[in-house]
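Raw final-v5.pdb, PDB, N, CA and C atoms and all ligand atoms:
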```
MODEL        1
ATOM      1  N   MET V 180      20.251  20.260 -22.177  1.00  0.00           N
ATOM      2  CA  MET V 180      19.416  21.453 -21.911  1.00  0.00           C
ATOM      3  C   MET V 180      18.173  21.028 -21.126  1.00  0.00           C
ATOM      4  N   PRO V 181      18.062  21.461 -19.899  1.00  0.00           N
ATOM      5  CA  PRO V 181      16.882  21.074 -19.100  1.00  0.00           C
ATOM      6  C   PRO V 181      15.620  21.741 -19.636  1.00  0.00           C
ATOM      7  N   GLN V 182      14.554  20.993 -19.627  1.00  0.00           N
ATOM      8  CA  GLN V 182      13.295  21.556 -20.106  1.00  0.00           C
ATOM      9  C   GLN V 182      12.696  22.451 -19.037  1.00  0.00           C
ATOM     10  N   LEU V 183      12.201  23.585 -19.473  1.00  0.00           N
ATOM     11  CA  LEU V 183      11.586  24.502 -18.532  1.00  0.00           C
ATOM     12  C   LEU V 183      10.218  23.970 -18.134  1.00  0.00           C
ATOM     13  N   GLU V 184       9.940  24.117 -16.880  1.00  0.00           N
ATOM     14  CA  GLU V 184       8.631  23.687 -16.405  1.00  0.00           C
ATOM     15  C   GLU V 184       7.839  24.911 -15.989  1.00  0.00           C
ATOM     16  N   PHE V 185       6.795  25.194 -16.742  1.00  0.00           N
ATOM     17  CA  PHE V 185       5.949  26.332 -16.405  1.00  0.00           C
ATOM     18  C   PHE V 185       4.866  25.901 -15.436  1.00  0.00           C
ATOM     19  N   ARG V 186       4.553  26.785 -14.521  1.00  0.00           N
ATOM     20  CA  ARG V 186       3.437  26.558 -13.617  1.00  0.00           C
ATOM     21  C   ARG V 186       2.585  27.818 -13.580  1.00  0.00           C
ATOM     22  N   ILE V 187       1.297  27.596 -13.314  1.00  0.00           N
ATOM     23  CA  ILE V 187       0.419  28.739 -13.113  1.00  0.00           C
ATOM     24  C   ILE V 187       0.962  29.556 -11.939  1.00  0.00           C
ATOM     25  N   GLY V 188       1.065  30.851 -12.151  1.00  0.00           N
ATOM     26  CA  GLY V 188       1.547  31.715 -11.082  1.00  0.00           C
ATOM     27  C   GLY V 188       3.028  32.032 -11.175  1.00  0.00           C
ATOM     28  N   ASP V 189       3.735  31.364 -12.103  1.00  0.00           N
ATOM     29  CA  ASP V 189       5.147  31.691 -12.293  1.00  0.00           C
ATOM     30  C   ASP V 189       5.276  33.143 -12.741  1.00  0.00           C
ATOM     31  N   VAL V 190       6.314  33.794 -12.261  1.00  0.00           N
ATOM     32  CA  VAL V 190       6.642  35.131 -12.727  1.00  0.00           C
ATOM     33  C   VAL V 190       7.976  35.027 -13.447  1.00  0.00           C
ATOM     34  N   VAL V 191       7.983  35.415 -14.720  1.00  0.00           N
ATOM     35  CA  VAL V 191       9.178  35.231 -15.533  1.00  0.00           C
ATOM     36  C   VAL V 191       9.599  36.542 -16.191  1.00  0.00           C
ATOM     37  N   GLN V 192      10.872  36.601 -16.511  1.00  0.00           N
ATOM     38  CA  GLN V 192      11.385  37.716 -17.291  1.00  0.00           C
ATOM     39  C   GLN V 192      11.665  37.201 -18.696  1.00  0.00           C
ATOM     40  N   LEU V 193      11.117  37.891 -19.702  1.00  0.00           N
ATOM     41  CA  LEU V 193      11.343  37.484 -21.087  1.00  0.00           C
ATOM     42  C   LEU V 193      12.440  38.340 -21.719  1.00  0.00           C
ATOM     43  N   ARG V 194      13.098  37.727 -22.711  1.00  0.00           N
ATOM     44  CA  ARG V 194      14.217  38.417 -23.358  1.00  0.00           C
ATOM     45  C   ARG V 194      13.771  39.648 -24.124  1.00  0.00           C
ATOM     46  N   LYS V 195      12.610  39.531 -24.758  1.00  0.00           N
ATOM     47  CA  LYS V 195      12.153  40.619 -25.616  1.00  0.00           C
ATOM     48  C   LYS V 195      11.108  41.446 -24.882  1.00  0.00           C
ATOM     49  N   PRO V 196      11.338  42.741 -24.727  1.00  0.00           N
ATOM     50  CA  PRO V 196      10.351  43.563 -24.010  1.00  0.00           C
ATOM     51  C   PRO V 196       9.042  43.691 -24.783  1.00  0.00           C
ATOM     52  N   HIS V 197       7.967  43.776 -24.055  1.00  0.00           N
ATOM     53  CA  HIS V 197       6.660  44.068 -24.627  1.00  0.00           C
ATOM     54  C   HIS V 197       6.691  45.504 -25.155  1.00  0.00           C
ATOM     55  N   PRO V 198       5.841  45.841 -26.130  1.00  0.00           N
ATOM     56  CA  PRO V 198       5.789  47.230 -26.617  1.00  0.00           C
ATOM     57  C   PRO V 198       5.595  48.259 -25.499  1.00  0.00           C
ATOM     58  N   CYS V 199       4.986  47.848 -24.407  1.00  0.00           N
ATOM     59  CA  CYS V 199       4.788  48.779 -23.288  1.00  0.00           C
ATOM     60  C   CYS V 199       6.070  48.985 -22.502  1.00  0.00           C
ATOM     61  N   GLY V 200       7.099  48.192 -22.791  1.00  0.00           N
ATOM     62  CA  GLY V 200       8.375  48.336 -22.082  1.00  0.00           C
ATOM     63  C   GLY V 200       8.593  47.303 -21.011  1.00  0.00           C
ATOM     64  N   GLY V 201       7.542  46.553 -20.672  1.00  0.00           N
ATOM     65  CA  GLY V 201       7.665  45.571 -19.599  1.00  0.00           C
ATOM     66  C   GLY V 201       8.331  44.280 -20.052  1.00  0.00           C
ATOM     67  N   THR V 202       9.093  43.674 -19.161  1.00  0.00           N
ATOM     68  CA  THR V 202       9.700  42.373 -19.465  1.00  0.00           C
ATOM     69  C   THR V 202       9.264  41.316 -18.452  1.00  0.00           C
ATOM     70  N   ILE V 203       8.437  41.700 -17.504  1.00  0.00           N
ATOM     71  CA  ILE V 203       7.991  40.776 -16.464  1.00  0.00           C
ATOM     72  C   ILE V 203       6.583  40.277 -16.795  1.00  0.00           C
ATOM     73  N   TRP V 204       6.440  38.969 -16.788  1.00  0.00           N
ATOM     74  CA  TRP V 204       5.160  38.352 -17.155  1.00  0.00           C
ATOM     75  C   TRP V 204       4.770  37.298 -16.139  1.00  0.00           C
ATOM     76  N   LYS V 205       3.477  37.106 -16.003  1.00  0.00           N
ATOM     77  CA  LYS V 205       2.967  36.077 -15.112  1.00  0.00           C
ATOM     78  C   LYS V 205       2.297  34.989 -15.942  1.00  0.00           C
ATOM     79  N   VAL V 206       2.555  33.736 -15.593  1.00  0.00           N
ATOM     80  CA  VAL V 206       1.966  32.604 -16.316  1.00  0.00           C
ATOM     81  C   VAL V 206       0.542  32.385 -15.816  1.00  0.00           C
ATOM     82  N   VAL V 207      -0.416  32.412 -16.758  1.00  0.00           N
ATOM     83  CA  VAL V 207      -1.820  32.266 -16.374  1.00  0.00           C
ATOM     84  C   VAL V 207      -2.495  31.082 -17.052  1.00  0.00           C
ATOM     85  N   ARG V 208      -1.823  30.451 -17.995  1.00  0.00           N
ATOM     86  CA  ARG V 208      -2.453  29.353 -18.723  1.00  0.00           C
ATOM     87  C   ARG V 208      -1.376  28.381 -19.177  1.00  0.00           C
ATOM     88  N   LEU V 209      -1.666  27.094 -19.042  1.00  0.00           N
ATOM     89  CA  LEU V 209      -0.740  26.059 -19.483  1.00  0.00           C
ATOM     90  C   LEU V 209      -1.404  25.180 -20.522  1.00  0.00           C
ATOM     91  N   GLY V 210      -0.583  24.545 -21.327  1.00  0.00           N
ATOM     92  CA  GLY V 210      -1.104  23.687 -22.384  1.00  0.00           C
ATOM     93  C   GLY V 210      -0.097  23.664 -23.516  1.00  0.00           C
ATOM     94  N   ALA V 211      -0.565  23.413 -24.730  1.00  0.00           N
ATOM     95  CA  ALA V 211       0.329  23.480 -25.888  1.00  0.00           C
ATOM     96  C   ALA V 211       0.828  24.904 -26.057  1.00  0.00           C
ATOM     97  N   ASP V 212      -0.029  25.865 -25.703  1.00  0.00           N
ATOM     98  CA  ASP V 212       0.367  27.270 -25.658  1.00  0.00           C
ATOM     99  C   ASP V 212       0.414  27.715 -24.204  1.00  0.00           C
ATOM    100  N   ILE V 213       1.359  28.611 -23.936  1.00  0.00           N
ATOM    101  CA  ILE V 213       1.487  29.154 -22.582  1.00  0.00           C
ATOM    102  C   ILE V 213       0.911  30.565 -22.586  1.00  0.00           C
ATOM    103  N   GLY V 214       0.028  30.842 -21.650  1.00  0.00           N
ATOM    104  CA  GLY V 214      -0.562  32.175 -21.547  1.00  0.00           C
ATOM    105  C   GLY V 214       0.193  33.022 -20.550  1.00  0.00           C
ATOM    106  N   PHE V 215       0.522  34.236 -20.969  1.00  0.00           N
ATOM    107  CA  PHE V 215       1.225  35.170 -20.091  1.00  0.00           C
ATOM    108  C   PHE V 215       0.426  36.455 -19.984  1.00  0.00           C
ATOM    109  N   VAL V 216       0.481  37.076 -18.812  1.00  0.00           N
ATOM    110  CA  VAL V 216      -0.078  38.404 -18.644  1.00  0.00           C
ATOM    111  C   VAL V 216       1.079  39.341 -18.322  1.00  0.00           C
ATOM    112  N   CYS V 217       1.160  40.439 -19.082  1.00  0.00           N
ATOM    113  CA  CYS V 217       2.212  41.426 -18.861  1.00  0.00           C
ATOM    114  C   CYS V 217       1.974  42.108 -17.511  1.00  0.00           C
ATOM    115  N   ALA V 218       3.014  42.103 -16.672  1.00  0.00           N
ATOM    116  CA  ALA V 218       2.866  42.686 -15.340  1.00  0.00           C
ATOM    117  C   ALA V 218       2.799  44.203 -15.401  1.00  0.00           C
ATOM    118  N   THR V 219       3.214  44.773 -16.524  1.00  0.00           N
ATOM    119  CA  THR V 219       3.259  46.225 -16.641  1.00  0.00           C
ATOM    120  C   THR V 219       1.946  46.795 -17.156  1.00  0.00           C
ATOM    121  N   CYS V 220       1.401  46.195 -18.218  1.00  0.00           N
ATOM    122  CA  CYS V 220       0.192  46.764 -18.829  1.00  0.00           C
ATOM    123  C   CYS V 220      -1.027  45.849 -18.713  1.00  0.00           C
ATOM    124  N   GLY V 221      -0.823  44.593 -18.291  1.00  0.00           N
ATOM    125  CA  GLY V 221      -1.953  43.705 -18.098  1.00  0.00           C
ATOM    126  C   GLY V 221      -2.439  42.997 -19.347  1.00  0.00           C
ATOM    127  N   ARG V 222      -1.767  43.198 -20.456  1.00  0.00           N
ATOM    128  CA  ARG V 222      -2.149  42.538 -21.713  1.00  0.00           C
ATOM    129  C   ARG V 222      -1.836  41.052 -21.634  1.00  0.00           C
ATOM    130  N   ARG V 223      -2.735  40.261 -22.220  1.00  0.00           N
ATOM    131  CA  ARG V 223      -2.572  38.812 -22.196  1.00  0.00           C
ATOM    132  C   ARG V 223      -2.118  38.311 -23.567  1.00  0.00           C
ATOM    133  N   VAL V 224      -1.139  37.426 -23.586  1.00  0.00           N
ATOM    134  CA  VAL V 224      -0.684  36.851 -24.853  1.00  0.00           C
ATOM    135  C   VAL V 224      -0.553  35.345 -24.699  1.00  0.00           C
ATOM    136  N   LEU V 225      -0.616  34.659 -25.839  1.00  0.00           N
ATOM    137  CA  LEU V 225      -0.376  33.216 -25.873  1.00  0.00           C
ATOM    138  C   LEU V 225       0.867  32.959 -26.712  1.00  0.00           C
ATOM    139  N   LEU V 226       1.760  32.144 -26.205  1.00  0.00           N
ATOM    140  CA  LEU V 226       2.941  31.752 -26.964  1.00  0.00           C
ATOM    141  C   LEU V 226       2.994  30.235 -27.011  1.00  0.00           C
ATOM    142  N   ALA V 227       3.361  29.701 -28.174  1.00  0.00           N
ATOM    143  CA  ALA V 227       3.592  28.258 -28.260  1.00  0.00           C
ATOM    144  C   ALA V 227       4.646  27.896 -27.219  1.00  0.00           C
ATOM    145  N   ARG V 228       4.510  26.721 -26.625  1.00  0.00           N
ATOM    146  CA  ARG V 228       5.413  26.327 -25.544  1.00  0.00           C
ATOM    147  C   ARG V 228       6.887  26.434 -25.969  1.00  0.00           C
ATOM    148  N   SER V 229       7.186  25.971 -27.186  1.00  0.00           N
ATOM    149  CA  SER V 229       8.588  26.010 -27.635  1.00  0.00           C
ATOM    150  C   SER V 229       9.087  27.453 -27.745  1.00  0.00           C
ATOM    151  N   THR V 230       8.201  28.346 -28.201  1.00  0.00           N
ATOM    152  CA  THR V 230       8.564  29.760 -28.305  1.00  0.00           C
ATOM    153  C   THR V 230       8.752  30.351 -26.913  1.00  0.00           C
ATOM    154  N   ALA V 231       7.837  30.029 -26.017  1.00  0.00           N
ATOM    155  CA  ALA V 231       7.910  30.555 -24.661  1.00  0.00           C
ATOM    156  C   ALA V 231       9.210  30.130 -23.979  1.00  0.00           C
ATOM    157  N   GLU V 232       9.593  28.869 -24.200  1.00  0.00           N
ATOM    158  CA  GLU V 232      10.821  28.368 -23.563  1.00  0.00           C
ATOM    159  C   GLU V 232      12.039  29.127 -24.062  1.00  0.00           C
ATOM    160  N   ARG V 233      12.022  29.497 -25.338  1.00  0.00           N
ATOM    161  CA  ARG V 233      13.162  30.239 -25.877  1.00  0.00           C
ATOM    162  C   ARG V 233      13.174  31.674 -25.385  1.00  0.00           C
ATOM    163  N   ARG V 234      11.991  32.226 -25.122  1.00  0.00           N
ATOM    164  CA  ARG V 234      11.917  33.648 -24.771  1.00  0.00           C
ATOM    165  C   ARG V 234      12.187  33.931 -23.304  1.00  0.00           C
ATOM    166  N   VAL V 235      12.030  32.927 -22.468  1.00  0.00           N
ATOM    167  CA  VAL V 235      12.216  33.169 -21.036  1.00  0.00           C
ATOM    168  C   VAL V 235      13.687  33.409 -20.737  1.00  0.00           C
ATOM    169  N   LYS V 236      13.959  34.517 -20.097  1.00  0.00           N
ATOM    170  CA  LYS V 236      15.327  34.822 -19.689  1.00  0.00           C
ATOM    171  C   LYS V 236      15.575  34.201 -18.322  1.00  0.00           C
ATOM    172  N   LYS V 237      14.661  34.418 -17.391  1.00  0.00           N
ATOM    173  CA  LYS V 237      14.788  33.768 -16.098  1.00  0.00           C
ATOM    174  C   LYS V 237      13.470  33.754 -15.350  1.00  0.00           C
ATOM    175  N   PHE V 238      13.399  32.799 -14.421  1.00  0.00           N
ATOM    176  CA  PHE V 238      12.239  32.715 -13.545  1.00  0.00           C
ATOM    177  C   PHE V 238      12.498  33.587 -12.323  1.00  0.00           C
ATOM    178  N   LEU V 239      11.570  34.462 -12.034  1.00  0.00           N
ATOM    179  CA  LEU V 239      11.704  35.314 -10.860  1.00  0.00           C
ATOM    180  C   LEU V 239      10.983  34.699  -9.674  1.00  0.00           C
ATOM    181  N   GLU V 240       9.931  33.959  -9.965  1.00  0.00           N
ATOM    182  CA  GLU V 240       9.102  33.379  -8.913  1.00  0.00           C
ATOM    183  C   GLU V 240       8.436  32.130  -9.465  1.00  0.00           C
ATOM    184  N   HIS V 241       8.299  31.104  -8.641  1.00  0.00           N
ATOM    185  CA  HIS V 241       7.610  29.892  -9.081  1.00  0.00           C
ATOM    186  C   HIS V 241       6.251  29.785  -8.415  1.00  0.00           C
ATOM    187  N   GLY V 242       5.285  29.414  -9.203  1.00  0.00           N
ATOM    188  CA  GLY V 242       3.960  29.179  -8.656  1.00  0.00           C
ATOM    189  C   GLY V 242       3.960  27.880  -7.867  1.00  0.00           C
ATOM    190  N   PRO V 243       2.866  27.592  -7.174  1.00  0.00           N
ATOM    191  CA  PRO V 243       2.765  26.364  -6.399  1.00  0.00           C
ATOM    192  C   PRO V 243       2.787  25.130  -7.296  1.00  0.00           C
ATOM    193  N   VAL V 244       3.301  24.019  -6.784  1.00  0.00           N
ATOM    194  CA  VAL V 244       3.385  22.782  -7.564  1.00  0.00           C
ATOM    195  C   VAL V 244       2.000  22.305  -7.968  1.00  0.00           C
ATOM    196  N   ILE V 245       1.044  22.454  -7.060  1.00  0.00           N
ATOM    197  CA  ILE V 245      -0.323  22.040  -7.380  1.00  0.00           C
ATOM    198  C   ILE V 245      -1.021  23.171  -8.123  1.00  0.00           C
ATOM    199  N   GLY V 246      -0.492  23.503  -9.302  1.00  0.00           N
ATOM    200  CA  GLY V 246      -0.981  24.660 -10.041  1.00  0.00           C
ATOM    201  C   GLY V 246      -1.992  24.330 -11.109  1.00  0.00           C
ATOM    202  N   ILE V 247      -2.783  23.292 -10.902  1.00  0.00           N
ATOM    203  CA  ILE V 247      -3.722  22.904 -11.956  1.00  0.00           C
ATOM    204  C   ILE V 247      -5.113  23.490 -11.758  1.00  0.00           C
ATOM    205  N   ALA V 248      -5.332  24.178 -10.646  1.00  0.00           N
ATOM    206  CA  ALA V 248      -6.665  24.670 -10.329  1.00  0.00           C
ATOM    207  C   ALA V 248      -7.203  25.626 -11.387  1.00  0.00           C
ATOM    208  N   PHE V 249      -6.302  26.379 -12.045  1.00  0.00           N
ATOM    209  CA  PHE V 249      -6.761  27.379 -12.985  1.00  0.00           C
ATOM    210  C   PHE V 249      -6.558  26.977 -14.438  1.00  0.00           C
ATOM    211  N   SER V 250      -6.141  25.738 -14.674  1.00  0.00           N
ATOM    212  CA  SER V 250      -5.911  25.339 -16.053  1.00  0.00           C
ATOM    213  C   SER V 250      -7.232  25.223 -16.805  1.00  0.00           C
ATOM    214  N   ASP V 251      -7.163  25.444 -18.084  1.00  0.00           N
ATOM    215  CA  ASP V 251      -8.371  25.413 -18.899  1.00  0.00           C
ATOM    216  C   ASP V 251      -8.843  23.986 -19.127  1.00  0.00           C
ATOM    217  N   ALA V 252     -10.115  23.756 -18.924  1.00  0.00           N
ATOM    218  CA  ALA V 252     -10.665  22.419 -19.122  1.00  0.00           C
ATOM    219  C   ALA V 252     -10.561  21.994 -20.578  1.00  0.00           C
ATOM    220  N   ALA V 253     -10.528  22.956 -21.463  1.00  0.00           N
ATOM    221  CA  ALA V 253     -10.471  22.673 -22.904  1.00  0.00           C
ATOM    222  C   ALA V 253      -9.149  22.005 -23.300  1.00  0.00           C
ATOM    223  N   ASP V 254      -8.149  22.150 -22.474  1.00  0.00           N
ATOM    224  CA  ASP V 254      -6.866  21.520 -22.801  1.00  0.00           C
ATOM    225  C   ASP V 254      -6.907  20.043 -22.511  1.00  0.00           C
TER
HETATM  226 ZN    ZN Q   1       2.917  45.156 -21.576  1.00  0.00          ZN
ENDMDL
END
```

Is it possible to give me this structure as structure tokens?
Amino acid sequence: MPQLEFRIGDVVQLRKPHPCGGTIWKVVRLGADIGFVCATCGRRVLLARSTAERRVKKFLEHGPVIGIAFSDAAD
């Protein structure tokens, strides 16, 4: 099973729809937890990396490889 590689700016489809009905999310934060913003309602959530990897159905778009510009310094 290949490990998923998240990058800032990735656009992913998750298996479980958000309460707003949206399934498309954008990756905005990397670390032990992955931050996603719902493309439909704009709500931000954090998922543990292992949880996020299980929930991703497919990648729709990949962010740039040099995606560290927006990572949190606290990580
Ligand atoms: Zn939503």

**Message:** Could you list the protein, DNA and RNA residues that have any atom within 8 Å of ligand ZN 1 (chain Q), counting all atoms listed in the file, and write them as a list in words?
**Reply:**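 Answer in the requested format: Pro196, His197, Pro198, Cys199, Gly200, Gly201, Thr202, Ile203, Val216, Cys217, Ala218, Thr219, Cys220, Gly221, Arg222 and Arg223 of chain V.
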
**Message:** With DSSP run on the backbone, what are the strand (DSSP E) residues within chain V? I'd like them as a PyMOL selection string.
**Reply:** chain V and resi 190-193+203-208+212-217+223-227+235-240

**Asked** Quick one, how far is atom N of V:Arg228 from atom C of V:His241?
**Response** 18.5 Å

**Asked** Which residues match the PyMOL selection byres (((chain V and resi 211) around 8) and not hetatm) in the file above, as a list in words?
**Response**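 Evaluating the PyMOL selection byres (((chain V and resi 211) around 8) and not hetatm) on these coordinates yields Arg208, Leu209, Gly210, Asp212, Ile213, Gly214, Leu226, Ala227, Arg228, Ser229 and Asp254 of chain V.
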
**Item:** Chain and number of each residue from the PyMOL selection byres (((chain V and resi 234) around 6) and not hetatm), as a list of chain:residue names
**Value:** V:Gln192, V:Leu193, V:Arg194, V:Lys195, V:Thr230, V:Ala231, V:Glu232, V:Arg233, V:Val235, V:Lys236

**Request:** Could you give me, as a PyMOL selection string, each residue of stretch 192-248 of chain V that DSSP assigns to alpha helix (DSSP H) when run on this structure's backbone?
**Result:** chain V and resi 228-234

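Counting only C-alpha atoms, the residue from V:Leu183, V:Lys205, V:Val190, V:Phe238 that sits nearest to V:Leu225 is V:Lys205.
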
**Message:** So the first atom is atom C of V:Trp204 and the second is atom N of V:Val244; what is the distance between them in Å, to one decimal place?
**Reply:**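 Going from atom C of V:Trp204 over to atom N of V:Val244 covers 16.3 Å.
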
Write out as lines of an AutoDock Vina configuration file an axis-aligned box for stretch 225-239 of chain V: all of its atoms listed in the file, 3 Å added on each side, centre and edge lengths in Å with one decimal.
```
center_x = 7.5
center_y = 30.6
center_z = -19.0
size_x = 22.2
size_y = 15.3
size_z = 24.6
```

**Request:** Measure the distance from atom C of V:Val224 to atom N of V:Val207 in Å and round it to one decimal.
**Result:** 8.5 Å
